[in-house]
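Visitor: Contents of data_26.cif (mmCIF, C-alpha atoms and all ligand atoms) are given next:
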data_coords
loop_
_atom_site.label_atom_id
_atom_site.label_comp_id
_atom_site.auth_asym_id
_atom_site.auth_seq_id
_atom_site.Cartn_x
_atom_site.Cartn_y
_atom_site.Cartn_z
CA MET V 1 -43.31 -11.97 77.39
CA SER V 2 -43.97 -10.30 74.03
CA THR V 3 -45.69 -6.89 73.95
CA PRO V 4 -49.02 -6.85 72.13
CA ALA V 5 -48.78 -5.43 68.58
CA GLN V 6 -49.93 -1.83 68.28
CA PRO V 7 -52.94 -1.44 65.97
CA VAL V 8 -51.83 -0.02 62.62
CA ASP V 9 -53.91 2.79 61.14
CA ALA V 10 -54.45 1.60 57.57
CA ARG V 11 -55.94 4.94 56.50
CA SER V 12 -53.49 6.63 54.18
CA THR V 13 -53.34 8.44 50.86
CA ASP V 14 -49.86 7.03 50.16
CA PRO V 15 -49.74 4.40 47.43
CA ILE V 16 -48.91 0.97 48.73
CA GLY V 17 -46.80 0.48 45.62
CA PHE V 18 -47.94 -2.83 44.20
CA ALA V 19 -48.28 -3.43 40.47
CA VAL V 20 -51.91 -2.67 39.62
CA PRO V 21 -53.13 -4.91 36.75
CA SER V 22 -52.99 -3.10 33.40
CA SER V 23 -56.67 -3.95 32.88
CA VAL V 24 -57.51 -1.27 35.48
CA PRO V 25 -57.84 1.99 33.49
CA THR V 26 -54.95 4.45 33.88
CA HIS V 27 -56.98 7.52 32.86
CA TRP V 28 -60.50 8.82 33.13
CA TYR V 29 -62.18 9.77 29.85
CA ASN V 30 -63.82 13.18 29.42
CA LEU V 31 -66.63 13.45 26.86
CA ASN V 32 -66.25 17.25 26.93
CA ALA V 33 -63.24 16.86 24.63
CA ASP V 34 -65.34 15.29 21.86
CA LEU V 35 -68.71 17.06 22.10
CA PRO V 36 -69.73 19.16 19.07
CA GLU V 37 -70.86 21.95 21.44
CA PRO V 38 -69.54 22.69 24.95
CA VAL V 39 -71.61 21.91 28.03
CA PRO V 40 -73.26 25.13 29.34
CA PRO V 41 -71.31 26.49 32.33
CA HIS V 42 -72.57 26.34 35.93
CA LEU V 43 -73.71 29.75 37.22
CA HIS V 44 -73.18 31.49 40.54
CA PRO V 45 -76.43 31.28 42.56
CA GLY V 46 -76.24 34.97 43.51
CA THR V 47 -74.84 36.78 40.47
CA HIS V 48 -75.98 34.31 37.79
CA GLU V 49 -72.52 34.74 36.19
CA PRO V 50 -70.46 31.69 35.17
CA LEU V 51 -68.76 30.18 38.22
CA THR V 52 -65.09 30.83 38.89
CA PRO V 53 -62.85 28.37 40.79
CA PRO V 54 -62.86 30.48 44.02
CA ASP V 55 -66.68 30.27 44.05
CA LEU V 56 -66.45 26.50 44.46
CA ALA V 57 -63.50 26.48 46.88
CA PRO V 58 -65.67 26.34 50.06
CA LEU V 59 -67.18 23.10 48.76
CA PHE V 60 -64.54 21.18 46.81
CA PRO V 61 -60.76 20.69 46.63
CA MET V 62 -59.01 22.45 43.73
CA ALA V 63 -58.25 19.23 41.84
CA LEU V 64 -61.98 18.46 41.57
CA ILE V 65 -62.81 22.06 40.64
CA GLU V 66 -60.32 21.78 37.78
CA GLN V 67 -61.83 18.46 36.72
CA GLU V 68 -65.27 20.09 36.71
CA VAL V 69 -64.26 22.41 33.85
CA THR V 70 -61.47 20.57 32.06
CA THR V 71 -61.75 19.87 28.35
CA GLU V 72 -58.76 17.50 28.31
CA ARG V 73 -59.77 14.16 26.80
CA TYR V 74 -57.93 12.09 29.41
CA VAL V 75 -57.14 12.75 33.09
CA GLU V 76 -54.59 10.51 34.80
CA ILE V 77 -55.88 8.38 37.70
CA PRO V 78 -53.61 8.67 40.78
CA GLN V 79 -51.79 5.49 41.77
CA THR V 80 -53.51 5.30 45.18
CA VAL V 81 -56.93 5.47 43.50
CA ARG V 82 -55.94 2.77 40.98
CA GLU V 83 -54.78 0.56 43.82
CA ILE V 84 -58.15 0.87 45.53
CA TYR V 85 -60.01 0.41 42.21
CA SER V 86 -58.11 -2.85 41.72
CA MET V 87 -60.02 -4.30 44.69
CA TRP V 88 -62.98 -4.72 42.30
CA ARG V 89 -61.94 -3.36 38.88
CA PRO V 90 -62.12 -4.20 36.09
CA SER V 91 -65.70 -5.15 36.87
CA PRO V 92 -67.00 -8.04 34.79
CA LEU V 93 -68.80 -7.74 31.46
CA ILE V 94 -71.00 -10.81 31.41
CA ARG V 95 -72.85 -12.37 28.47
CA ALA V 96 -76.42 -13.03 29.67
CA HIS V 97 -76.78 -16.42 27.97
CA ARG V 98 -79.54 -17.63 30.26
CA LEU V 99 -81.53 -14.41 29.99
CA GLU V 100 -81.21 -14.64 26.19
CA ARG V 101 -82.64 -18.18 26.34
CA VAL V 102 -85.51 -17.16 28.64
CA LEU V 103 -86.44 -14.28 26.33
CA GLY V 104 -85.96 -16.29 23.15
CA THR V 105 -84.11 -13.30 21.74
CA ARG V 106 -81.89 -13.25 18.66
CA ALA V 107 -79.79 -10.51 20.28
CA ARG V 108 -76.59 -11.03 22.24
CA ILE V 109 -77.10 -9.43 25.66
CA TYR V 110 -74.18 -8.32 27.84
CA TYR V 111 -74.29 -6.66 31.23
CA LYS V 112 -71.57 -4.63 32.89
CA TYR V 113 -71.83 -5.51 36.55
CA GLU V 114 -70.85 -2.80 39.04
CA GLY V 115 -72.33 -4.72 41.97
CA VAL V 116 -68.92 -6.33 42.62
CA SER V 117 -67.62 -3.25 44.44
CA PRO V 118 -67.39 -3.60 48.24
CA VAL V 119 -70.66 -1.71 48.74
CA GLY V 120 -72.45 -3.25 45.77
CA SER V 121 -72.70 -0.39 43.26
CA HIS V 122 -70.79 1.92 40.89
CA LYS V 123 -70.69 4.76 43.42
CA PRO V 124 -67.22 3.99 44.87
CA ASN V 125 -65.67 4.83 41.47
CA THR V 126 -66.12 8.50 42.30
CA ALA V 127 -66.23 8.25 46.11
CA VAL V 128 -62.64 7.02 46.22
CA ALA V 129 -61.43 9.72 43.83
CA GLN V 130 -63.26 12.49 45.72
CA ALA V 131 -62.05 11.34 49.14
CA TYR V 132 -58.51 11.05 47.77
CA TYR V 133 -58.30 14.60 46.38
CA ASN V 134 -59.87 16.00 49.55
CA ALA V 135 -57.46 14.11 51.78
CA ILE V 136 -54.33 15.23 49.93
CA GLU V 137 -55.50 18.86 50.02
CA GLY V 138 -55.97 18.71 53.80
CA THR V 139 -59.74 18.30 54.22
CA THR V 140 -60.53 16.35 57.39
CA ARG V 141 -64.29 15.88 57.11
CA LEU V 142 -66.70 15.27 54.23
CA THR V 143 -70.43 15.85 54.28
CA THR V 144 -72.90 14.44 51.80
CA GLU V 145 -76.49 13.40 51.13
CA THR V 146 -77.75 9.97 50.18
CA GLY V 147 -80.99 8.41 48.94
CA ALA V 148 -81.17 4.65 49.30
CA GLY V 149 -77.74 4.75 50.94
CA GLN V 150 -75.57 3.39 48.11
CA TRP V 151 -73.76 6.69 47.82
CA GLY V 152 -73.50 7.31 51.57
CA ALA V 153 -72.06 3.83 52.08
CA SER V 154 -69.60 4.39 49.22
CA LEU V 155 -68.31 7.68 50.58
CA ALA V 156 -68.17 6.23 54.09
CA MET V 157 -66.00 3.40 52.78
CA ALA V 158 -63.76 5.76 50.81
CA CYS V 159 -63.32 8.04 53.83
CA SER V 160 -62.44 5.08 56.02
CA LEU V 161 -59.75 3.99 53.52
CA LEU V 162 -58.29 7.47 53.07
CA GLY V 163 -58.37 8.93 56.58
CA LEU V 164 -61.36 11.31 56.57
CA THR V 165 -64.43 11.53 58.77
CA CYS V 166 -67.77 11.43 56.98
CA GLU V 167 -71.24 12.72 57.87
CA VAL V 168 -74.25 11.75 55.78
CA TRP V 169 -77.79 13.14 55.52
CA GLN V 170 -80.09 10.37 54.30
CA VAL V 171 -83.53 11.02 52.77
CA ARG V 172 -86.05 10.22 55.49
CA ALA V 173 -88.07 7.72 53.40
CA SER V 174 -84.98 5.56 52.92
CA TYR V 175 -83.57 6.17 56.41
CA ASP V 176 -86.75 4.73 57.89
CA ALA V 177 -87.37 1.94 55.37
CA LYS V 178 -83.80 0.78 54.65
CA PRO V 179 -81.64 0.80 57.78
CA TYR V 180 -78.99 -1.64 56.55
CA ARG V 181 -76.88 0.82 54.58
CA ARG V 182 -76.95 3.15 57.58
CA PHE V 183 -75.51 0.29 59.62
CA GLN V 184 -72.91 -0.17 56.87
CA MET V 185 -71.98 3.55 57.01
CA GLU V 186 -71.65 3.26 60.77
CA ALA V 187 -69.47 0.17 60.40
CA TYR V 188 -67.11 2.31 58.29
CA GLY V 189 -67.07 4.91 61.08
CA SER V 190 -69.43 7.50 59.54
CA VAL V 191 -72.41 9.28 61.07
CA CYS V 192 -75.79 9.16 59.28
CA HIS V 193 -78.71 11.53 60.00
CA SER V 194 -82.30 11.39 58.77
CA SER V 195 -83.07 14.32 56.45
CA PRO V 196 -84.65 16.80 56.92
CA SER V 197 -83.00 17.08 60.35
CA ASP V 198 -83.09 19.71 63.07
CA LEU V 199 -79.29 20.00 62.85
CA THR V 200 -79.29 22.60 60.07
CA GLU V 201 -81.11 25.83 59.26
CA ALA V 202 -82.27 24.34 55.96
CA GLY V 203 -83.61 21.22 57.68
CA ARG V 204 -85.39 23.18 60.42
CA ALA V 205 -87.04 25.47 57.84
CA ILE V 206 -88.32 22.49 55.83
CA LEU V 207 -89.57 20.69 58.96
CA ALA V 208 -91.42 23.81 60.11
CA GLU V 209 -93.32 23.94 56.81
CA HIS V 210 -93.64 20.20 56.08
CA PRO V 211 -93.23 18.23 59.33
CA ASP V 212 -94.35 14.96 57.70
CA THR V 213 -92.24 15.17 54.54
CA THR V 214 -90.62 11.95 53.36
CA GLY V 215 -87.57 14.03 52.40
CA SER V 216 -85.80 14.39 49.07
CA LEU V 217 -82.27 14.41 47.76
CA GLY V 218 -82.64 18.16 47.16
CA MET V 219 -83.37 18.70 50.87
CA ALA V 220 -80.53 16.45 52.02
CA ILE V 221 -78.09 18.27 49.72
CA SER V 222 -79.05 21.61 51.29
CA GLU V 223 -78.24 20.22 54.74
CA ALA V 224 -74.91 18.68 53.76
CA VAL V 225 -73.81 21.81 51.85
CA GLU V 226 -74.75 24.09 54.75
CA VAL V 227 -72.67 22.08 57.23
CA ALA V 228 -69.65 21.92 54.91
CA VAL V 229 -69.68 25.66 54.20
CA LYS V 230 -69.74 26.48 57.94
CA ASP V 231 -66.76 24.25 58.83
CA PRO V 232 -63.39 25.37 57.37
CA GLY V 233 -62.02 21.82 57.74
CA ALA V 234 -64.93 20.29 55.86
CA HIS V 235 -65.88 19.90 52.24
CA TYR V 236 -68.99 18.64 50.54
CA SER V 237 -69.11 15.65 48.24
CA LEU V 238 -71.76 14.86 45.61
CA GLY V 239 -72.38 11.34 44.36
CA SER V 240 -73.74 12.23 40.92
CA VAL V 241 -74.78 15.13 38.65
CA LEU V 242 -71.50 17.13 38.51
CA ASN V 243 -69.04 16.85 35.63
CA HIS V 244 -66.19 15.47 37.74
CA VAL V 245 -68.43 12.61 38.88
CA MET V 246 -69.19 11.72 35.25
CA LEU V 247 -65.44 11.80 34.60
CA HIS V 248 -64.63 9.36 37.41
CA GLN V 249 -67.37 6.94 36.34
CA SER V 250 -65.87 6.70 32.84
CA VAL V 251 -63.82 3.72 34.00
CA ILE V 252 -67.00 1.67 33.42
CA GLY V 253 -67.38 2.38 29.71
CA GLN V 254 -63.67 2.33 28.99
CA GLU V 255 -63.50 -1.19 30.35
CA VAL V 256 -66.58 -2.13 28.30
CA LEU V 257 -64.85 -1.08 25.08
CA VAL V 258 -61.92 -3.39 25.83
CA GLN V 259 -64.11 -6.23 27.07
CA LEU V 260 -66.50 -6.11 24.09
CA ALA V 261 -63.52 -6.28 21.73
CA GLU V 262 -62.17 -9.26 23.71
CA ALA V 263 -65.57 -10.92 23.31
CA GLY V 264 -65.27 -10.44 19.54
CA GLU V 265 -67.89 -7.69 19.26
CA ARG V 266 -67.33 -4.63 17.06
CA GLN V 267 -69.63 -2.44 19.16
CA ALA V 268 -72.69 -2.44 21.39
CA ASP V 269 -75.59 -1.64 19.08
CA ILE V 270 -77.65 -0.27 21.93
CA ALA V 271 -76.84 0.46 25.59
CA PHE V 272 -79.33 0.90 28.44
CA GLY V 273 -78.53 2.58 31.74
CA CYS V 274 -80.76 3.77 34.56
CA ALA V 275 -80.64 7.49 35.26
CA GLY V 276 -81.10 9.25 38.59
CA GLY V 277 -78.48 11.98 38.57
CA GLY V 278 -76.88 10.40 35.50
CA SER V 279 -73.56 9.06 36.75
CA ASN V 280 -73.72 5.33 35.99
CA LEU V 281 -75.32 6.07 32.62
CA ALA V 282 -72.58 8.58 31.82
CA GLY V 283 -69.89 6.22 33.05
CA LEU V 284 -71.18 3.43 30.85
CA SER V 285 -72.05 5.46 27.77
CA PHE V 286 -69.73 8.47 27.46
CA PRO V 287 -66.72 6.41 26.29
CA LEU V 288 -69.05 4.70 23.76
CA ILE V 289 -70.49 8.03 22.59
CA GLY V 290 -66.94 9.39 22.33
CA GLN V 291 -66.08 6.47 20.09
CA ASN V 292 -69.20 7.19 17.99
CA LEU V 293 -68.11 10.82 17.59
CA ARG V 294 -64.47 10.06 16.83
CA ASP V 295 -64.50 6.71 15.07
CA GLY V 296 -67.93 6.40 13.48
CA THR V 297 -69.37 3.56 15.58
CA THR V 298 -73.15 3.76 15.93
CA THR V 299 -74.01 2.74 19.50
CA ARG V 300 -77.43 4.06 20.57
CA VAL V 301 -77.75 5.04 24.23
CA VAL V 302 -80.99 4.95 26.21
CA ALA V 303 -81.42 6.63 29.61
CA CYS V 304 -84.04 4.79 31.68
CA GLU V 305 -85.65 6.91 34.37
CA PRO V 306 -88.57 6.22 36.74
CA ALA V 307 -92.01 7.35 35.57
CA ALA V 308 -92.48 8.77 39.10
CA CYS V 309 -89.50 11.15 38.74
CA PRO V 310 -89.19 11.81 35.00
CA SER V 311 -86.73 14.70 34.72
CA LEU V 312 -85.48 13.84 31.20
CA THR V 313 -88.82 12.94 29.64
CA GLN V 314 -91.09 15.47 31.44
CA GLY V 315 -88.78 18.10 32.92
CA GLU V 316 -87.72 21.43 31.44
CA TYR V 317 -84.17 21.99 30.14
CA ARG V 318 -83.15 25.14 32.01
CA TYR V 319 -80.96 26.48 34.80
CA ASP V 320 -82.01 25.26 38.24
CA HIS V 321 -80.52 24.68 41.66
CA GLY V 322 -79.34 21.26 42.69
CA ASP V 323 -80.95 21.59 46.12
CA VAL V 324 -84.15 22.84 47.74
CA ALA V 325 -82.65 25.77 49.67
CA GLY V 326 -80.92 27.17 46.57
CA LEU V 327 -77.41 26.95 48.07
CA THR V 328 -75.83 25.10 45.15
CA PRO V 329 -74.72 26.63 41.84
CA LEU V 330 -77.28 26.91 39.07
CA LEU V 331 -76.91 23.98 36.68
CA LYS V 332 -78.29 23.83 33.13
CA MET V 333 -80.19 20.56 33.27
CA HIS V 334 -83.45 18.73 32.73
CA THR V 335 -85.35 19.46 35.92
CA LEU V 336 -88.73 18.95 37.52
CA GLY V 337 -88.03 21.99 39.70
CA LYS V 338 -85.96 22.05 42.88
CA ASP V 339 -89.08 21.83 45.09
CA PHE V 340 -90.38 18.67 43.40
CA VAL V 341 -90.78 15.93 46.01
CA PRO V 342 -91.03 12.58 44.25
CA PRO V 343 -93.21 9.82 45.67
CA ALA V 344 -91.37 7.39 47.95
CA ILE V 345 -90.62 4.84 45.22
CA HIS V 346 -88.35 1.89 45.96
CA ALA V 347 -85.54 3.03 43.68
CA GLY V 348 -84.40 5.68 46.17
CA GLY V 349 -81.35 6.54 44.08
CA LEU V 350 -83.55 7.69 41.18
CA ARG V 351 -85.56 10.22 43.21
CA TYR V 352 -83.78 13.39 42.10
CA HIS V 353 -85.48 16.42 40.59
CA GLY V 354 -82.64 17.21 38.16
CA MET V 355 -80.13 15.49 35.93
CA SER V 356 -76.41 15.78 35.21
CA PRO V 357 -75.74 18.83 32.98
CA MET V 358 -73.53 16.62 30.77
CA VAL V 359 -76.23 13.96 30.36
CA SER V 360 -78.87 16.68 29.84
CA HIS V 361 -76.69 18.29 27.17
CA ALA V 362 -76.10 14.94 25.46
CA VAL V 363 -79.87 14.31 25.44
CA ASN V 364 -80.42 17.79 24.04
CA LEU V 365 -77.88 17.10 21.27
CA GLY V 366 -79.62 13.83 20.42
CA LEU V 367 -76.69 11.69 21.57
CA ILE V 368 -78.82 9.94 24.24
CA GLN V 369 -82.53 9.03 24.12
CA ALA V 370 -84.64 8.92 27.28
CA VAL V 371 -87.55 6.72 28.38
CA ALA V 372 -89.60 6.54 31.57
CA VAL V 373 -90.26 3.15 33.21
CA GLU V 374 -93.09 2.27 35.60
CA GLN V 375 -91.96 0.81 38.93
CA ASP V 376 -93.94 -2.44 38.52
CA ASP V 377 -92.42 -3.05 35.09
CA ALA V 378 -88.97 -2.42 36.54
CA PHE V 379 -89.41 -4.93 39.37
CA ALA V 380 -90.96 -7.49 37.03
CA ALA V 381 -87.82 -7.24 34.90
CA GLY V 382 -85.62 -7.43 37.99
CA VAL V 383 -87.26 -10.72 38.92
CA ILE V 384 -86.85 -12.13 35.39
CA PHE V 385 -83.19 -11.12 35.48
CA ALA V 386 -82.58 -12.58 38.95
CA ARG V 387 -84.19 -15.90 38.01
CA ALA V 388 -82.15 -16.16 34.81
CA GLU V 389 -78.77 -14.71 35.82
CA GLY V 390 -78.73 -15.23 39.59
CA ILE V 391 -78.04 -11.58 40.45
CA VAL V 392 -80.80 -9.59 42.12
CA PRO V 393 -80.39 -6.15 40.49
CA ALA V 394 -80.58 -2.96 42.54
CA PRO V 395 -84.08 -1.42 42.20
CA GLU V 396 -82.43 1.46 40.30
CA SER V 397 -80.76 -0.91 37.82
CA THR V 398 -84.03 -2.74 37.11
CA HIS V 399 -85.15 0.29 35.09
CA ALA V 400 -82.38 -0.37 32.58
CA VAL V 401 -83.05 -4.11 32.69
CA ALA V 402 -86.76 -3.53 31.90
CA GLU V 403 -86.06 -1.49 28.78
CA ALA V 404 -83.32 -3.84 27.62
CA ILE V 405 -85.59 -6.86 27.99
CA ALA V 406 -88.41 -5.13 26.11
CA TYR V 407 -85.98 -4.22 23.34
CA ALA V 408 -84.32 -7.63 23.15
CA ARG V 409 -87.63 -9.42 22.67
CA THR V 410 -87.95 -7.92 19.18
CA ALA V 411 -84.28 -7.22 18.38
CA ALA V 412 -82.78 -8.11 15.01
CA ASP V 413 -80.61 -11.17 14.61
CA GLY V 414 -77.16 -10.67 16.16
CA GLU V 415 -77.79 -7.24 17.66
CA VAL V 416 -75.57 -6.50 20.64
CA VAL V 417 -77.54 -5.20 23.63
CA LEU V 418 -75.63 -3.77 26.59
CA ILE V 419 -77.09 -3.27 30.07
CA GLY V 420 -75.48 -1.14 32.75
CA LEU V 421 -76.13 -3.15 35.90
CA SER V 422 -75.21 -0.39 38.31
CA GLY V 423 -75.60 -2.41 41.49
CA ASN V 424 -77.07 -5.37 43.27
CA GLY V 425 -80.20 -5.31 45.38
CA VAL V 426 -78.99 -7.46 48.27
CA LEU V 427 -79.66 -4.66 50.78
CA ASP V 428 -82.89 -3.68 49.01
CA LEU V 429 -84.68 -6.98 49.43
CA PRO V 430 -87.60 -5.44 51.40
CA SER V 431 -88.44 -3.59 48.16
CA TYR V 432 -88.54 -6.89 46.29
CA ALA V 433 -90.61 -8.42 49.09
CA ALA V 434 -93.11 -5.60 48.69
CA TYR V 435 -93.29 -6.29 44.95
CA VAL V 436 -93.29 -10.09 45.00
C1 LIG E 501 -77.30 1.14 42.20
C2 LIG E 501 -77.62 2.53 41.76
N1 LIG E 501 -77.85 2.76 40.45
C3 LIG E 501 -78.15 3.99 40.02
C4 LIG E 501 -78.26 5.06 40.88
C5 LIG E 501 -78.64 6.39 40.33
O1 LIG E 501 -77.60 7.31 40.33
P1 LIG E 501 -76.88 7.74 39.00
O2 LIG E 501 -77.93 8.13 38.02
O3 LIG E 501 -76.02 8.87 39.39
O4 LIG E 501 -76.10 6.56 38.53
C6 LIG E 501 -78.03 4.88 42.25
C7 LIG E 501 -78.10 6.00 43.18
O5 LIG E 501 -78.02 5.89 44.35
C8 LIG E 501 -77.69 3.57 42.69
O6 LIG E 501 -77.47 3.33 43.98
#
Render the structure in this file as structure tokens.
Ligand SMILES: Cc1ncc(COP(=O)(O)O)c(C=O)c1O

Guide:
Amino acid sequence: MSTPAQPVDARSTDPIGFAVPSSVPTHWYNLNADLPEPVPPHLHPGTHEPLTPPDLAPLFPMALIEQEVTTERYVEIPQTVREIYSMWRPSPLIRAHRLERVLGTRARIYYKYEGVSPVGSHKPNTAVAQAYYNAIEGTTRLTTETGAGQWGASLAMACSLLGLTCEVWQVRASYDAKPYRRFQMEAYGSVCHSSPSDLTEAGRAILAEHPDTTGSLGMAISEAVEVAVKDPGAHYSLGSVLNHVMLHQSVIGQEVLVQLAEAGERQADIAFGCAGGGSNLAGLSFPLIGQNLRDGTTTRVVACEPAACPSLTQGEYRYDHGDVAGLTPLLKMHTLGKDFVPPAIHAGGLRYHGMSPMVSHAVNLGLIQAVAVEQDDAFAAGVIFARAEGIVPAPESTHAVAEAIAYARTAADGEVVLIGLSGNGVLDLPSYAAYV
């Protein structure tokens, strides 16, 4: 009689050792190397002095702290991370022929589709990298916040692949309205709490003052940071905003440059990305902006944010905390103020009071333009896109689709319009039902 096979724990940071296709980027690209002026440093929340690496050590592994401040143009991607990327990378760059026909446009429209990742968005590009560096430096547990759940599901997946436990605080509005990504996080072995929760001092303080709050990313960040700081085996992980996240997402735009050239295009004339904390927009556009700065291409970049949470178009450009309790470093960014609680719009991933310091700086330097999109216009565009291209865009991505469609309707002959389609909306269909 044969003995039953022992289950094998697949969770490991060791490379498997297969030949990753060369079309998967080997390096991340860092816009800091090409900017005419450096990005303003993050400040210590207590002293207001520029942060030093030890200040960040309770939250992040040293490799990510170094990536936060590096000015190297390229950072090598570890083999294990490239192996995992190859499960869905390179993501497709698709010519939207049918959308072009529906719009009657003279432009050529392309979309870079990040919805092919296992969780359906761009977020695993950084989740895998962050979980990897934490795992090899001995972290056992990661804490994080999430809005609609795309980020929480991504980190949960990355932790399950790389041998970490993961605990997520999800903004209450999304926790209640969108349970499916919570189920997905749980399938990956993570724990997901509604935020604000009574598990943390920050959460209890908020609940005492605002018992009926719908929550915000700023509140959920305070909870996740507090738990990480109190547990020596834990670190905190952020799905957007910070410089190292922008770095990891650069695989998107680097692939676009290769894929556009393969399609016979010299450049994208204009690129649209939605902007919550800025990471998919940065990932798509920073390699293109770098090429503008180095090689004289002229791609215009447009950040598309929700009118209900307009940090770039209505916020102030100043130092602010990333969270409500003021536990995070001070970041120079476009902000609506850390206490701003956005209305419970359907694009949960765009409900953040601030913006990536790198994206904010690029907007300030005139390298990126910003527009605010009304929710109804975004969903209307999402439906046009779905009916023409077959993909139901994530509610966040519809903001970029809306601006791109409006632009394409009057574009000049032969203009190349690029859309960052950051995710699909398959788990957000109740939002579409509410709209339709
Ligand atoms: C599909 C999708 N797009 C965009 C965003 C916004 O985040 P960011 O601006 O960091 O790309 C989110 C956030 O959850 C998301 O899930």

Visitor: Counting only C-alpha atoms, figure out which residue out of V:Ala208, V:Glu145, V:Ser237, V:Ala156 gets nearest to Ser194 in chain V.

Guide: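 Among the listed residues, the smallest separation from Ser194 in chain V belongs to V:Glu145.
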
Visitor: Go through the chains and note each residue within 7 Å of ligand LIG 501 (chain E), using all atoms listed in the file, then give the set as a VMD selection string.

Guide: chain V and resid 121 to 123 147 to 151 239 to 241 274 to 281 348 to 350 394 396 to 397 422 to 424

Visitor: I'd like the interatomic distance between CA of Gly46 in chain V and CA of Arg318 in chain V, to a tenth of an Å.

Guide: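 One can read the CA of Gly46 in chain V to CA of Arg318 in chain V distance as 16.6 Å.
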
Visitor: From the list V:Tyr74, V:Leu43, V:Cys192, V:Leu217, which residue is nearest Lys332 in chain V when using only C-alpha atoms?

Guide: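 Closest to Lys332 in chain V, using only C-alpha atoms: V:Leu43.
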
Visitor: Using only C-alpha atoms, pick whichever of V:Ile109, V:Met246, V:Val301, V:Met87 has the shortest atom-to-atom distance to Leu31 in chain V.

Guide: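 The shortest atom-to-atom distance to Leu31 in chain V comes from V:Met246.
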
Visitor: Looking at V:Ser23, V:Thr328, V:Ser12, V:Thr47, which one is nearest to Val229 in chain V, with distances taken over all atoms listed in the file?

Guide: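 Checking each candidate against Val229 in chain V, we get V:Thr328 as the closest.
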
Visitor: Could you check which of V:Val302, V:Leu293, V:Ala263, V:Ile84 is closest to Ala129 in chain V, using all atoms listed in the file?

Guide: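 For Ala129 in chain V, the nearest of the candidates is V:Ile84.
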
Visitor: Any idea what's packed within 7 Å of Val116 in chain V, counting all atoms listed in the file, ignoring anything in its chain fewer than 4 positions away? Could you give it as JSON, numbers by chain?

Guide: {"V": [88, 91, 120]}

Visitor: If we count only C-alpha atoms and set the cut-off at 10 Å, which residues sit around Ser190 in chain V, ignoring sequence neighbours fewer than 2 positions away in its own chain? Please answer as a list of chain:residue names.

Guide: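 Contacts, in chain order: V:Leu142, V:Thr143, V:Gly152, V:Ala153, V:Leu155, V:Ala156, V:Met157, V:Cys159, V:Ser160, V:Leu164, V:Thr165, V:Cys166, V:Glu167, V:Val168, V:Arg182, V:Phe183, V:Gln184, V:Met185, V:Glu186, V:Ala187, V:Tyr188, V:Cys192.
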
Visitor: Given only C-alpha atoms as the basis, pick out the residue of V:Thr26, V:Ala131, V:Thr105, V:His48 nearest to Arg11 in chain V.

Guide: V:Ala131

Visitor: In Å, rounded to a single decimal, give me how far CA of His346 in chain V is from CA of Ala402 in chain V.

Guide: 15.2 Å

Visitor: Need the axis-aligned box for range 253-269 of chain V with 4 Å each side, so what are the centre and edges in Å to one decimal, as lines of an AutoDock Vina configuration file?

Guide:
center_x = -68.8
center_y = -4.3
center_z = 23.7
size_x = 21.7
size_y = 21.3
size_z = 21.3

Visitor: Using the atoms already present, construct N, CA, C and O atoms for range 320-326 of chain V and hand them back as an mmCIF file, in the frame of the given file.

Guide:
data_model
loop_
_atom_site.group_PDB
_atom_site.id
_atom_site.type_symbol
_atom_site.label_atom_id
_atom_site.label_comp_id
_atom_site.auth_asym_id
_atom_site.auth_seq_id
_atom_site.Cartn_x
_atom_site.Cartn_y
_atom_site.Cartn_z
ATOM 1 N N ASP V 320 -81.311 25.477 36.971
ATOM 2 C CA ASP V 320 -82.010 25.260 38.240
ATOM 3 C C ASP V 320 -80.974 24.925 39.312
ATOM 4 O O ASP V 320 -79.848 24.521 39.007
ATOM 5 N N HIS V 321 -81.388 25.066 40.551
ATOM 6 C CA HIS V 321 -80.520 24.680 41.660
ATOM 7 C C HIS V 321 -80.526 23.159 41.834
ATOM 8 O O HIS V 321 -81.524 22.495 41.541
ATOM 9 N N GLY V 322 -79.421 22.682 42.391
ATOM 10 C CA GLY V 322 -79.340 21.260 42.690
ATOM 11 C C GLY V 322 -80.005 20.883 43.989
ATOM 12 O O GLY V 322 -80.174 19.700 44.281
ATOM 13 N N ASP V 323 -80.388 21.875 44.796
ATOM 14 C CA ASP V 323 -80.950 21.590 46.120
ATOM 15 C C ASP V 323 -82.171 22.462 46.371
ATOM 16 O O ASP V 323 -82.428 23.428 45.638
ATOM 17 N N VAL V 324 -82.897 22.129 47.436
ATOM 18 C CA VAL V 324 -84.150 22.840 47.740
ATOM 19 C C VAL V 324 -83.891 24.259 48.228
ATOM 20 O O VAL V 324 -84.586 25.205 47.840
ATOM 21 N N ALA V 325 -82.872 24.445 49.079
ATOM 22 C CA ALA V 325 -82.650 25.770 49.670
ATOM 23 C C ALA V 325 -82.001 26.752 48.699
ATOM 24 O O ALA V 325 -81.903 27.936 48.998
ATOM 25 N N GLY V 326 -81.540 26.271 47.538
ATOM 26 C CA GLY V 326 -80.920 27.170 46.570
ATOM 27 C C GLY V 326 -79.490 27.541 46.941
ATOM 28 O O GLY V 326 -79.011 28.609 46.570
#
